[in-house]
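Only one structure is covered here, and it is reproduced in the block below.
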Amino acid sequence: MSGFVEKPEPIQVPGLVHLHTGKVRELYQNEAGDLVMVASDRISAFDWVLPTEIPDKGRVLTQLSLWWFDQLADLVPNHVLSTELPAGAPADWAGRTLVCKSLQMVPVECVARGYLTGSGLVEYNESRTVCGLALPEGLVDGSELPAPIFTPATKAAVGEHDENVSYEEVARQVGADTAARLRQATLAVYSRGRDIARERGIILADTKFEFGFDGDSLVLADEVLTADSSRFWPADQWQPGRAQPSYDKQYVRDWLTSAESGWDRKSEQPPPALPQEVVEATRAKYVEAYERLTGISWT
């Protein structure tokens, strides 16, 4: 069992219809039919949405996504229409709210990997493949791949785990033309992001994107190249053959699996609240990633 430890009640705003509560985001529709996406400060780990929030996290994710959308605009259009706060919305929504095009979403997590780690490493150790793609012998945790690879996954509901699938399975589900466009866009966006991050001393190990269609146009949606959707590693500490220091929520995962937390991941008990020092250290990681990537001081 997993999911929300404490599922929040969505805020009701006149003129907005609440559509969905995700792990991090609340999704609404306005009277014009546009989507209003609000990034909360919730954080998830091991398929649980934790009871403790990370202050400013939703704003950091939103502002970093907006910065990346600008860097990627010549490669692929995005879904953002406005950052203006809807009338009657609470003041806390400022900086964490996007008004977006309503798209026909593609039900695929579009994952790009430039380095071997995580679930890709597990599969590689068993079969020397990732999502059915053959890789060279001798790779270890943190190894850079010969070239970035597209390793899609099915999009899971809250409390369930995304499942890696082959490219052929994606083509079967969404059609060969759409699958090819997803792969091309995913690798193009990853490569741009990797190069920009590298200039700033950060390794973009892997990331995931979501795409939708606006008519025949493939559009980049949701968040993009954030510490929630990507693995960022400090380049000066990269050392293949071990787990890498990171700018994501690894700090939270490490505490939850430590003896200090007292939580058994394999049990059906929900994880405990995070201590203040873990909250502060995690917030600092998100802010540091934002500042290093954008060159903008977080205030």
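Chain lettering (A, B, ...) mirrors the order of the structure tokens, residue numbering begins at 1 for each chain separately, and ligand numbering begins at 1 in order of display.
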(request) Give the alpha helix (DSSP H) residues of region 116-269 of chain A, as assigned by DSSP on the backbone, as a PyMOL selection string. (result) chain A and resi 118-127+167-174+176-199+250-256
Produce a table with one row for each residue of region 2-29 of chain A that has an atom at most 12 Å from any atom of region 217-238 of chain A, each row naming the nearest atom pair and its distance in Å at one decimal; use only C-alpha atoms; arrange rows by chain and rising residue number; format as CSV.
```
residue,atom,partner,partner_atom,distance
A:Gly22,CA,A:Asp222,CA,11.5
A:Lys23,CA,A:Asp228,CA,10.8
A:Val24,CA,A:Asp228,CA,9.4
A:Arg25,CA,A:Asp222,CA,9.4
A:Glu26,CA,A:Asp222,CA,11.5
A:Leu27,CA,A:Asp222,CA,10.5
```
Keeping only C-alpha atoms, write those residues as a PDB file, in the first residue's frame.
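What follows is the written file again13.pdb:
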```
ATOM      1  CA  GLY A  22      -1.265  14.761  -8.012  1.00  0.00           C
ATOM      2  CA  LYS A  23       1.807  13.959  -5.951  1.00  0.00           C
ATOM      3  CA  VAL A  24       2.918  17.590  -6.132  1.00  0.00           C
ATOM      4  CA  ARG A  25       0.449  19.506  -8.314  1.00  0.00           C
ATOM      5  CA  GLU A  26      -3.210  20.469  -8.092  1.00  0.00           C
ATOM      6  CA  LEU A  27      -4.905  20.725 -11.465  1.00  0.00           C
TER       7      LEU A  27
END
```
Output as CSV one row per residue of region 168-277 of chain A within 7 Å of region 110-128 of chain A: the closest atom pair and its distance in Å to one decimal place, counting only C-alpha atoms, sorted by chain and residue number ascending.
```
residue,atom,partner,partner_atom,distance
A:Thr186,CA,A:Cys110,CA,6.4
A:Leu187,CA,A:Ala112,CA,6.3
A:Tyr190,CA,A:Ala112,CA,6.4
A:Ala205,CA,A:Tyr115,CA,5.0
A:Asp206,CA,A:Arg113,CA,4.3
A:Thr207,CA,A:Ala112,CA,5.6
A:Lys208,CA,A:Val111,CA,4.2
A:Phe209,CA,A:Cys110,CA,5.0
A:Glu210,CA,A:Cys110,CA,6.1
```
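Residues in contact with Leu81 (chain A) at 8 Å, where only C-alpha atoms are counted and same-chain residues fewer than 6 positions away are skipped, are listed as A:Leu98, A:Val99, A:Cys100, A:Lys101.
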Please produce an output containing C-alpha atoms for each residue in the selection, written as a PDB file, in the first residue's frame.
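Everything below was put into result.pdb:
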```pdb
ATOM      1  CA  LEU A  98       0.809  28.238 -14.426  1.00  0.00           C
ATOM      2  CA  VAL A  99      -2.145  28.731 -16.773  1.00  0.00           C
ATOM      3  CA  CYS A 100      -1.624  26.189 -19.544  1.00  0.00           C
ATOM      4  CA  LYS A 101      -3.098  24.956 -22.805  1.00  0.00           C
TER       5      LYS A 101
END
```
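For the set A:Leu72, A:Ala32, A:Leu182, A:Ala89, the residue with the smallest atom-to-atom gap to Gly212 (chain A) is A:Leu182, counting only C-alpha atoms.
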